[in-house]
file run-v2.cif (mmCIF, C-alpha atoms)
data_final
loop_
_atom_site.label_atom_id
_atom_site.label_comp_id
_atom_site.auth_asym_id
_atom_site.auth_seq_id
_atom_site.Cartn_x
_atom_site.Cartn_y
_atom_site.Cartn_z
CA MET A 1 26.96 -0.93 14.35
CA PHE A 2 23.56 -2.60 14.65
CA LEU A 3 23.26 -3.90 11.10
CA THR A 4 26.31 -6.15 10.90
CA LYS A 5 26.46 -8.58 7.99
CA GLU A 6 26.01 -11.60 10.25
CA ARG A 7 22.95 -10.08 11.94
CA ILE A 8 21.47 -9.17 8.58
CA ARG A 9 21.72 -12.72 7.29
CA LEU A 10 20.25 -14.27 10.42
CA TYR A 11 17.61 -11.59 10.79
CA LEU A 12 16.29 -11.49 7.22
CA GLY A 13 16.70 -15.23 6.79
CA GLY A 14 14.39 -15.85 9.75
CA LEU A 15 11.83 -13.34 8.48
CA LEU A 16 11.94 -14.87 5.01
CA LEU A 17 11.19 -18.27 6.52
CA LEU A 18 8.15 -16.79 8.30
CA GLN A 19 7.16 -15.24 5.00
CA ILE A 20 7.25 -18.57 3.20
CA LEU A 21 5.27 -20.26 5.97
CA LEU A 22 2.57 -17.59 5.76
CA CYS A 23 2.31 -17.96 1.98
CA VAL A 24 1.93 -21.73 2.38
CA ARG A 25 -0.74 -21.13 5.01
CA LEU A 26 -2.72 -18.80 2.73
CA TYR A 27 -2.29 -20.94 -0.40
CA PRO A 28 -5.48 -23.04 0.12
CA PHE A 29 -7.60 -19.87 0.37
CA ALA A 30 -6.22 -18.62 -2.93
CA ARG A 31 -6.69 -22.04 -4.57
CA GLU A 32 -10.34 -22.05 -3.49
CA GLY A 33 -10.94 -18.62 -4.99
CA LYS A 34 -11.09 -16.77 -1.67
CA SER A 35 -8.23 -14.41 -2.45
CA ASP A 36 -8.70 -10.72 -3.24
CA PHE A 37 -7.61 -11.47 -6.81
CA ARG A 38 -11.14 -12.72 -7.48
CA THR A 39 -12.44 -9.15 -7.64
CA PHE A 40 -9.72 -7.99 -10.08
CA TYR A 41 -10.05 -11.09 -12.25
CA THR A 42 -13.82 -10.70 -12.58
CA ALA A 43 -13.50 -6.94 -13.17
CA GLY A 44 -11.17 -7.64 -16.09
CA HIS A 45 -13.60 -10.26 -17.42
CA MET A 46 -16.61 -7.96 -17.05
CA LEU A 47 -14.83 -5.12 -18.84
CA ARG A 48 -13.78 -7.45 -21.64
CA THR A 49 -17.28 -8.92 -22.10
CA GLY A 50 -19.15 -5.63 -21.74
CA ASP A 51 -20.79 -6.33 -18.38
CA PRO A 52 -21.31 -3.23 -16.22
CA LEU A 53 -18.70 -2.51 -13.57
CA TYR A 54 -19.77 -1.43 -10.07
CA ASN A 55 -23.03 -3.36 -10.29
CA TYR A 56 -23.14 -5.45 -7.12
CA ARG A 57 -25.49 -8.11 -8.48
CA ALA A 58 -23.48 -8.47 -11.68
CA GLU A 59 -20.26 -8.79 -9.66
CA LEU A 60 -21.80 -11.41 -7.38
CA SER A 61 -23.01 -13.42 -10.35
CA ALA A 62 -19.67 -13.18 -12.17
CA GLN A 63 -17.57 -14.08 -9.15
CA SER A 64 -19.77 -17.04 -8.26
CA ALA A 65 -19.70 -18.34 -11.84
CA LEU A 66 -16.08 -17.62 -12.74
CA VAL A 67 -14.29 -18.16 -9.43
CA SER A 68 -16.28 -19.85 -6.65
CA PRO A 69 -19.82 -19.59 -5.23
CA ASN A 70 -20.29 -17.13 -2.37
CA LEU A 71 -23.17 -15.40 -0.62
CA TYR A 72 -21.47 -12.03 -1.06
CA ALA A 73 -19.40 -10.41 -3.75
CA LEU A 74 -16.03 -8.83 -3.09
CA PRO A 75 -16.77 -5.48 -4.78
CA PHE A 76 -14.36 -3.88 -7.22
CA MET A 77 -13.66 -0.47 -5.63
CA SER A 78 -10.61 0.64 -7.62
CA PRO A 79 -10.98 3.32 -10.34
CA PRO A 80 -12.23 1.96 -13.69
CA PHE A 81 -8.86 2.28 -15.46
CA THR A 82 -7.47 -0.34 -13.05
CA ALA A 83 -9.65 -3.00 -14.65
CA LEU A 84 -7.71 -2.58 -17.91
CA VAL A 85 -4.68 -4.22 -16.28
CA PHE A 86 -6.67 -7.39 -15.64
CA VAL A 87 -8.31 -7.78 -19.04
CA PRO A 88 -5.43 -9.96 -20.38
CA LEU A 89 -5.38 -11.97 -17.15
CA SER A 90 -9.09 -12.75 -17.55
CA LEU A 91 -8.55 -14.56 -20.89
CA GLY A 92 -7.78 -17.80 -19.07
CA SER A 93 -9.16 -19.41 -15.94
CA TYR A 94 -9.11 -17.77 -12.53
CA TRP A 95 -6.25 -20.00 -11.35
CA SER A 96 -4.08 -19.39 -14.40
CA GLY A 97 -4.71 -15.65 -14.03
CA TYR A 98 -3.83 -15.84 -10.34
CA LEU A 99 -0.54 -17.63 -11.01
CA LEU A 100 0.39 -15.17 -13.75
CA PHE A 101 -0.39 -12.21 -11.49
CA PHE A 102 1.65 -13.86 -8.71
CA ALA A 103 4.63 -14.02 -11.09
CA LEU A 104 4.06 -10.43 -12.25
CA ASN A 105 3.99 -9.24 -8.64
CA LEU A 106 7.33 -10.92 -8.01
CA CYS A 107 8.70 -9.08 -11.04
CA PHE A 108 7.33 -5.76 -9.77
CA ALA A 109 8.93 -6.40 -6.35
CA ALA A 110 12.28 -7.05 -8.06
CA LEU A 111 11.86 -3.93 -10.22
CA ALA A 112 11.05 -1.81 -7.14
CA ALA A 113 14.17 -3.08 -5.39
CA SER A 114 16.20 -2.43 -8.55
CA ILE A 115 14.90 1.14 -8.82
CA LEU A 116 15.83 1.86 -5.20
CA ARG A 117 19.22 0.15 -5.34
CA PRO A 118 21.14 3.26 -6.56
CA HIS A 119 19.75 5.10 -3.52
CA LEU A 120 20.68 2.27 -1.16
CA GLY A 121 24.40 2.21 -1.90
CA SER A 122 25.45 1.39 1.66
CA LEU A 123 23.13 -1.61 1.87
CA HIS A 124 24.27 -2.86 -1.52
CA ALA A 125 27.91 -2.47 -0.50
CA ARG A 126 27.27 -4.38 2.72
CA TRP A 127 25.79 -7.37 0.91
CA ARG A 128 24.67 -7.43 -2.73
CA PRO A 129 21.43 -9.47 -2.29
CA LEU A 130 20.43 -7.34 0.71
CA THR A 131 17.98 -4.98 -0.98
CA LEU A 132 15.96 -7.71 -2.68
CA LEU A 133 16.02 -9.91 0.44
CA LEU A 134 14.87 -6.94 2.51
CA PHE A 135 11.85 -6.59 0.23
CA LEU A 136 10.96 -10.27 0.03
CA SER A 137 11.21 -10.81 3.80
CA PHE A 138 8.69 -8.06 4.69
CA MET A 139 5.47 -9.78 5.76
CA PRO A 140 2.96 -7.29 4.24
CA LEU A 141 4.53 -7.93 0.83
CA GLY A 142 4.01 -11.67 1.26
CA ILE A 143 0.37 -11.12 2.18
CA ALA A 144 -0.15 -8.87 -0.88
CA LEU A 145 1.58 -11.47 -3.05
CA THR A 146 -0.54 -14.37 -1.83
CA LEU A 147 -3.87 -12.50 -1.85
CA GLY A 148 -3.27 -11.12 -5.33
CA GLN A 149 -3.46 -7.51 -4.18
CA LEU A 150 -2.24 -4.32 -5.89
CA SER A 151 0.17 -3.18 -3.18
CA ILE A 152 3.33 -4.46 -4.90
CA ILE A 153 2.46 -2.56 -8.09
CA LEU A 154 1.95 0.49 -5.88
CA LEU A 155 5.36 -0.06 -4.26
CA PHE A 156 6.92 -0.06 -7.73
CA LEU A 157 5.12 3.19 -8.61
CA TYR A 158 6.15 4.97 -5.41
CA CYS A 159 9.75 3.82 -5.85
CA ALA A 160 9.65 5.13 -9.43
CA THR A 161 8.23 8.42 -8.10
CA PHE A 162 11.06 8.66 -5.58
CA ALA A 163 13.71 7.89 -8.21
CA ALA A 164 12.28 10.54 -10.56
CA ILE A 165 12.39 13.13 -7.77
CA GLN A 166 15.99 12.25 -7.01
CA SER A 167 16.81 12.61 -10.72
CA GLU A 168 15.29 16.11 -10.64
CA LYS A 169 12.37 15.14 -12.86
CA PRO A 170 9.42 16.37 -10.76
CA PHE A 171 6.90 16.38 -13.63
CA LEU A 172 7.64 12.72 -14.39
CA ALA A 173 7.43 11.96 -10.66
CA GLY A 174 3.94 13.49 -10.60
CA ILE A 175 2.94 11.28 -13.55
CA PHE A 176 4.08 8.19 -11.65
CA LEU A 177 2.10 9.25 -8.57
CA SER A 178 -1.03 9.72 -10.69
CA LEU A 179 -0.77 6.04 -11.70
CA ALA A 180 -0.82 5.22 -7.98
CA LEU A 181 -4.41 6.48 -7.96
CA ILE A 182 -5.37 2.82 -8.28
CA LYS A 183 -5.49 3.33 -4.50
CA PHE A 184 -6.42 6.99 -4.40
CA GLN A 185 -6.99 6.98 -0.65
CA ILE A 186 -3.20 6.89 -0.26
CA ALA A 187 -2.13 8.88 -3.33
CA LEU A 188 -4.39 11.90 -2.71
CA PRO A 189 -2.93 12.78 0.73
CA VAL A 190 0.56 12.43 -0.77
CA ALA A 191 -0.38 14.80 -3.59
CA LEU A 192 -1.94 17.20 -1.08
CA LEU A 193 1.31 17.42 0.85
CA PHE A 194 3.28 18.18 -2.31
CA LEU A 195 0.73 20.91 -3.02
CA LEU A 196 1.23 22.34 0.48
CA TRP A 197 4.99 22.14 -0.09
CA ARG A 198 4.46 24.16 -3.32
CA GLN A 199 6.10 21.59 -5.55
CA TRP A 200 4.38 22.98 -8.65
CA GLN A 201 6.05 20.88 -11.35
CA PHE A 202 5.26 17.73 -9.41
CA ILE A 203 1.62 18.79 -9.03
CA ALA A 204 1.44 19.66 -12.73
CA GLY A 205 2.58 16.14 -13.61
CA PHE A 206 0.15 14.60 -11.14
CA LEU A 207 -2.83 16.59 -12.45
CA THR A 208 -1.91 15.80 -16.05
CA GLY A 209 -1.77 12.07 -15.35
CA ALA A 210 -4.90 12.16 -13.19
CA SER A 211 -6.84 13.99 -15.91
CA VAL A 212 -5.89 11.40 -18.54
CA LEU A 213 -6.78 8.52 -16.21
CA THR A 214 -10.12 10.13 -15.33
CA LEU A 215 -10.94 10.51 -19.03
CA ILE A 216 -10.05 6.86 -19.63
CA SER A 217 -12.24 5.84 -16.69
CA VAL A 218 -15.21 7.84 -17.99
CA LEU A 219 -14.77 6.31 -21.46
CA ILE A 220 -14.73 2.82 -19.90
CA THR A 221 -17.88 3.21 -17.81
CA GLY A 222 -19.69 6.18 -19.30
CA PRO A 223 -20.43 9.42 -17.37
CA THR A 224 -23.50 8.06 -15.56
CA ALA A 225 -21.83 4.86 -14.37
CA PHE A 226 -18.72 6.79 -13.33
CA ALA A 227 -20.87 9.13 -11.19
CA THR A 228 -22.54 6.03 -9.73
CA TYR A 229 -19.09 4.67 -8.85
CA LEU A 230 -18.20 7.86 -6.97
CA ARG A 231 -21.47 7.70 -5.03
CA SER A 232 -20.97 4.01 -4.27
CA LEU A 233 -17.68 4.79 -2.52
CA LEU A 234 -19.53 6.97 -0.01
CA PHE A 235 -22.30 4.40 0.37
CA MET A 236 -19.92 1.52 1.05
CA SER A 237 -18.04 3.54 3.65
CA HIS A 238 -21.31 4.35 5.40
CA ALA A 239 -22.46 0.72 5.20
CA SER A 240 -19.28 -0.47 6.91
CA SER A 241 -20.64 0.83 10.22
CA SER A 242 -22.93 -2.22 10.41
CA ALA A 243 -22.07 -5.91 10.58
CA ALA A 244 -24.15 -6.57 7.47
CA GLY A 245 -22.22 -3.91 5.63
CA ASP A 246 -18.94 -5.52 6.68
CA SER A 247 -19.93 -8.85 5.16
CA ARG A 248 -21.57 -7.41 2.05
CA TYR A 249 -18.80 -5.02 1.04
CA GLY A 250 -15.74 -6.51 2.72
CA ILE A 251 -14.94 -3.36 4.72
CA PHE A 252 -13.66 -4.14 8.22
CA PRO A 253 -12.39 -1.07 10.15
CA GLU A 254 -10.97 -3.22 12.97
CA GLN A 255 -8.58 -4.75 10.42
CA MET A 256 -7.29 -1.38 9.21
CA PRO A 257 -3.82 -0.32 10.51
CA ASN A 258 -4.54 3.41 10.12
CA LEU A 259 -6.04 6.23 12.17
CA TYR A 260 -9.56 5.43 11.00
CA GLY A 261 -9.28 1.76 11.98
CA LEU A 262 -7.73 2.57 15.36
CA VAL A 263 -10.18 5.28 16.43
CA HIS A 264 -13.26 3.64 14.89
CA THR A 265 -12.60 0.38 16.73
CA ILE A 266 -11.84 2.04 20.06
CA SER A 267 -14.92 4.27 19.80
CA HIS A 268 -17.11 1.36 18.58
CA GLY A 269 -18.16 3.47 15.60
CA ALA A 270 -19.45 6.41 17.68
CA THR A 271 -19.81 9.84 16.08
CA TRP A 272 -17.09 11.28 18.28
CA GLY A 273 -14.73 8.67 16.86
CA LEU A 274 -15.20 10.01 13.34
CA THR A 275 -14.62 13.55 14.60
CA LEU A 276 -11.44 12.48 16.38
CA THR A 277 -10.24 10.65 13.25
CA ILE A 278 -10.65 13.81 11.19
CA LEU A 279 -8.83 15.91 13.79
CA CYS A 280 -5.94 13.44 14.08
CA SER A 281 -5.66 13.25 10.29
CA LEU A 282 -5.49 17.05 10.07
CA VAL A 283 -2.74 17.07 12.68
CA VAL A 284 -0.73 14.51 10.71
CA ILE A 285 -1.09 16.43 7.43
CA LEU A 286 -0.39 19.85 8.95
CA TRP A 287 2.62 18.54 10.89
CA ALA A 288 4.05 16.90 7.77
CA ALA A 289 3.43 20.13 5.84
CA THR A 290 5.81 21.95 8.19
CA ARG A 291 8.65 19.51 7.35
CA LYS A 292 10.90 19.65 4.32
CA PRO A 293 9.42 18.07 1.17
CA SER A 294 9.95 14.32 1.30
CA LEU A 295 8.14 11.56 -0.55
CA PRO A 296 8.81 8.92 2.16
CA LEU A 297 7.36 11.26 4.80
CA ALA A 298 4.35 12.04 2.61
CA LEU A 299 3.80 8.32 2.06
CA LEU A 300 3.85 7.62 5.80
CA ALA A 301 1.31 10.41 6.32
CA GLY A 302 -0.83 9.08 3.47
CA LEU A 303 -0.93 5.60 4.99
CA LEU A 304 -1.97 6.96 8.36
CA VAL A 305 -4.80 9.21 7.13
CA SER A 306 -6.08 6.92 4.38
CA TYR A 307 -9.70 5.93 4.85
CA HIS A 308 -9.30 2.39 3.54
CA LEU A 309 -6.16 0.40 4.37
CA TYR A 310 -5.22 -3.17 5.21
CA LEU A 311 -2.07 -4.91 6.38
CA TYR A 312 -0.91 -5.76 2.85
CA ASP A 313 -0.93 -2.02 2.00
CA LEU A 314 1.91 -1.57 4.48
CA THR A 315 4.10 -3.07 1.75
CA LEU A 316 4.64 0.60 0.86
CA LEU A 317 6.60 1.06 4.10
CA LEU A 318 9.50 -0.68 2.38
CA LEU A 319 10.38 2.66 0.77
CA PRO A 320 10.96 4.68 3.98
CA ILE A 321 12.25 1.71 6.01
CA SER A 322 14.87 0.70 3.45
CA LEU A 323 16.07 4.32 3.35
CA VAL A 324 16.34 4.28 7.15
CA PHE A 325 18.43 1.11 7.03
CA ASN A 326 20.68 2.56 4.34
CA ARG A 327 21.15 5.80 6.28
CA ASN A 328 22.16 3.81 9.35
CA THR A 329 24.88 1.92 7.50
CA GLU A 330 26.36 5.19 6.22
CA SER A 331 27.06 6.42 9.74
CA ALA A 332 26.90 5.10 13.28
CA GLN A 333 25.51 8.33 14.73
CA PRO A 334 23.27 7.68 17.77
CA GLY A 335 20.10 9.08 16.22
CA ARG A 336 20.49 6.97 13.13
CA GLU A 337 21.21 3.84 15.15
CA LYS A 338 18.00 4.40 17.09
CA SER A 339 15.88 4.87 13.97
CA ALA A 340 17.31 1.71 12.39
CA LEU A 341 16.65 -0.28 15.55
CA TYR A 342 13.03 0.87 15.58
CA ALA A 343 12.63 0.04 11.89
CA SER A 344 14.04 -3.43 12.62
CA LEU A 345 11.58 -3.97 15.45
CA PHE A 346 8.78 -2.88 13.13
CA PHE A 347 9.90 -5.54 10.64
CA VAL A 348 9.59 -8.20 13.32
CA LEU A 349 6.26 -6.81 14.54
CA ALA A 350 4.80 -6.87 11.03
CA SER A 351 5.89 -10.48 10.60
CA LEU A 352 4.45 -11.67 13.90
CA TRP A 353 1.27 -9.67 13.42
CA GLY A 354 0.69 -11.01 9.94
CA SER A 355 1.26 -14.64 10.87
CA ALA A 356 -0.01 -15.03 14.44
CA ILE A 357 -2.43 -12.23 15.40
CA ARG A 358 -6.16 -12.25 14.65
CA PHE A 359 -7.38 -9.96 11.89
CA ASP A 360 -9.60 -8.11 14.38
CA TYR A 361 -6.51 -6.68 16.10
CA HIS A 362 -4.76 -5.33 13.01
CA TYR A 363 -5.98 -1.82 13.86
CA LEU A 364 -3.34 -1.73 16.61
CA VAL A 365 -0.59 -1.72 13.98
CA ALA A 366 -1.55 1.94 13.40
CA ILE A 367 0.34 2.75 16.63
CA PRO A 368 3.83 1.63 15.48
CA VAL A 369 3.13 3.18 12.05
CA ALA A 370 2.38 6.48 13.82
CA ILE A 371 5.59 6.15 15.84
CA LEU A 372 7.52 5.50 12.62
CA PHE A 373 5.96 8.65 11.11
CA ALA A 374 6.84 10.71 14.19
CA SER A 375 10.44 9.48 14.33
CA PHE A 376 10.83 9.98 10.59
CA SER A 377 9.43 13.52 10.63
CA THR A 378 11.62 14.63 13.54
CA SER A 379 14.87 13.20 12.14
CA THR A 380 17.36 15.28 10.17
CA PRO A 381 17.79 13.47 6.85
CA GLN A 382 20.44 14.16 4.24
CA PRO A 383 18.99 16.40 1.53
CA SER A 384 20.55 14.40 -1.29
CA ALA A 385 18.85 11.20 -0.19
CA TRP A 386 15.49 12.34 1.07
CA HIS A 387 14.21 15.53 -0.49
CA PRO A 388 13.07 16.56 -3.96
CA ALA A 389 15.11 19.16 -5.77
CA PRO A 390 13.95 22.79 -5.42
CA GLN A 391 11.45 23.83 -8.03
#

call {"tool": "encode", "arguments": {"input": "run-v2.cif", "output": "C-alpha cells"}}
result
Amino acid sequence: MFLTKERIRLYLGGLLLLQILLCVRLYPFAREGKSDFRTFYTAGHMLRTGDPLYNYRAELSAQSALVSPNLYALPFMSPPFTALVFVPLSLGSYWSGYLLFFALNLCFAALAASILRPHLGSLHARWRPLTLLLFLSFMPLGIALTLGQLSIILLFLYCATFAAIQSEKPFLAGIFLSLALIKFQIALPVALLFLLWRQWQFIAGFLTGASVLTLISVLITGPTAFATYLRSLLFMSHASSSAAGDSRYGIFPEQMPNLYGLVHTISHGATWGLTLTILCSLVVILWAATRKPSLPLALLAGLLVSYHLYLYDLTLLLLPISLVFNRNTESAQPGREKSALYASLFFVLASLWGSAIRFDYHYLVAIPVAILFASFSTSTPQPSAWHPAPQ
C-alpha cells in the first residue's frame, strides 16, 4: 500500500516544514501591511464608521491611513455581507486584527478537519493526528493563513456542506453553500451543478440562504450602491486586460490556477482566448453534469471554471484530496492506488509551486487541477462516501 504509516510521517512532516518556512518568508509582508487582510480589515472599519464600501478613493484613503501607505488600493470585491465578519476585527489596530484573524483561521482549519474526520475513518485509524496534519501541511492553506485570506473559512463551509449531505440534510447543505457566496465565483458553479443534478432540496436551501444574504447586503449598502458593486465587478474584470488595471485592482490572470488564467495567459488576452475559456468551462460543467451528484466533483469543477482564483483558493482541494487518500487506505485496488499517488504528487507540486515558483507561472497549476478533476470524474466512488442522498 502506498500510504504506509512511515511514509505518511516522513511525507507530511517534510511538507509541514516547507509550510512553516513559507509562512516565515511571508511574515514581513504581513507585518508591513501588504497582506490581503488589509482589504478586509479596512472594509470592516468602513462599514463600522459609515464610510461607503466599493468606493475606490475611499478604500485607498482608508488603507493608506489605517494600514500602510500605497499608490493603489486593494479593492474589497466580496459581497457586502462579508464585511460584517470583519467589523469586530477592525476595533483594534491592523496588526492586532491580523493576529486575531490568523488564530481564527487556525480554528476554522481544525474545525474543517474535525467535520471531515467521521468521513475519513481509514485515515484516522491509520494515525490519529493524520487528518489535521494533512490539512496543515497543504501549501495553499499556509498561503491563505499568512495572507489573511478567506479560503480557510470557505474550506470549513464546504466541509460542513459535505457533512450535511452525508447526513441526508440537503436543505441545510444548501444553506451552508449559500454562506460560501463570500466567493461566489466558486459557489455559483457548484450550485449550478446541483441544479443540473436536480437536487431540489439542496437548491431550495441555497436559494433561501442566498436571498437572506442578498437582503442583508442591500441593507448594508443601499440599493444604488449594491447595483454599483455589481457593475464594478464587470468593470474590474475588463480592466484586468491592461497592465494598469492589474496594478490598480490587483487582478492578475497569469497568477490564476484556473481555465481563465491558463487560456488568458497563453492567448495574451486575445478575444479568441476568452471564447476558448467559455467553451472549456462549458465542457467541464456539462461533463460533470453527466456524473453522479457529488460535492467534491462539483467543487473541482467550480475551481476550474471560476473567473477569479488564486493559489490560496486551492485550499478547497483538501476536501476531495483527503477523500481520495481515505478511499485508498480502505482498499489497495489498482485504480485507487493510482488516484492516491496522483493526489500525493499534487500535494508536493502545490508545495514547490507555492514556495519556489514565480507568481507569473501560477496559471500552469490549472493543468494538474484539470487532471485531478478528470481522474476524479472518471473514478467509481462508493455511494456512501461521495454522493448526496436521493431527493

call {"tool": "closest_atom_pairs", "arguments": {"input": "run-v2.cif", "of": "region 250-299 of chain A", "to": "region 196-213 of chain A", "cutoff": "9 Å", "atoms": "all atoms listed in the file", "output": "JSON lines"}}
result
{"residue": "A:Leu286", "atom": "CA", "partner": "A:Leu196", "partner_atom": "CA", "distance": 9.0}
{"residue": "A:Ala289", "atom": "CA", "partner": "A:Leu196", "partner_atom": "CA", "distance": 6.2}
{"residue": "A:Thr290", "atom": "CA", "partner": "A:Trp197", "partner_atom": "CA", "distance": 8.3}
{"residue": "A:Arg291", "atom": "CA", "partner": "A:Trp197", "partner_atom": "CA", "distance": 8.7}
{"residue": "A:Lys292", "atom": "CA", "partner": "A:Trp197", "partner_atom": "CA", "distance": 7.8}
{"residue": "A:Pro293", "atom": "CA", "partner": "A:Trp197", "partner_atom": "CA", "distance": 6.1}

call {"tool": "closest_residue", "arguments": {"input": "run-v2.cif", "among": "A:Leu157, A:Ala58, A:Cys23, A:Ala288", "to": "Leu192 (chain A)", "atoms": "only C-alpha atoms"}}
result
A:Ala288

call {"tool": "resolve_selection", "arguments": {"input": "run-v2.cif", "expression": "the PyMOL selection byres ((chain A and resi 115) around 12)", "output": "list in words"}}
result
Phe108, Ala109, Ala110, Leu111, Ala112, Ala113, Ser114, Leu116, Arg117, Pro118, His119, Leu120, Gly121, Thr131, Leu132, Leu155, Phe156, Leu157, Tyr158, Cys159, Ala160, Thr161, Phe162, Ala163, Ala164, Gln166, Ser167 and Leu319 of chain A

call {"tool": "residues_around", "arguments": {"input": "run-v2.cif", "residues": "Pro69 (chain A)", "least_positions_apart": "6", "cutoff": "10 Å", "atoms": "only C-alpha atoms", "output": "PyMOL selection string"}}
result
chain A and resi 32-34+60-63

call {"tool": "resolve_selection", "arguments": {"input": "run-v2.cif", "expression": "the PyMOL selection byres ((chain A and resi 40) around 10)", "output": "PyMOL selection string"}}
result
chain A and resi 36-39+41-46+63+74-78+82-87+89-90+97-98+148-150

call {"tool": "resolve_selection", "arguments": {"input": "run-v2.cif", "expression": "the PyMOL selection byres ((chain A and resi 253-268) around 7)", "output": "ChimeraX atom specification"}}
result
/A:251-252,269-270,273-274,277,303-307,309-311,359-366

call {"tool": "closest_residue", "arguments": {"input": "run-v2.cif", "among": "A:Leu147, A:Leu26, A:Leu91, A:Ala173", "to": "Leu47 (chain A)", "atoms": "all atoms listed in the file"}}
result
A:Leu91

call {"tool": "axis_aligned_box", "arguments": {"input": "run-v2.cif", "around": "region 102-109 of chain A", "padding_each_side": "3 Å", "output": "AutoDock Vina command-line options"}}
result
--center_x 5.3 --center_y -9.9 --center_z -9.3 --size_x 13.3 --size_y 14.3 --size_z 11.9

call {"tool": "atom_distance", "arguments": {"input": "run-v2.cif", "atom1": "CA of Phe81 (chain A)", "atom2": "CA of Ile220 (chain A)"}}
result
7.4 Å

call {"tool": "residues_around", "arguments": {"input": "run-v2.cif", "residues": "Leu130 (chain A)", "least_positions_apart": "5", "cutoff": "10 Å", "atoms": "all atoms listed in the file", "output": "PyMOL selection string"}}
result
chain A and resi 5+8-9+12+113+117+120+123-125+135-136
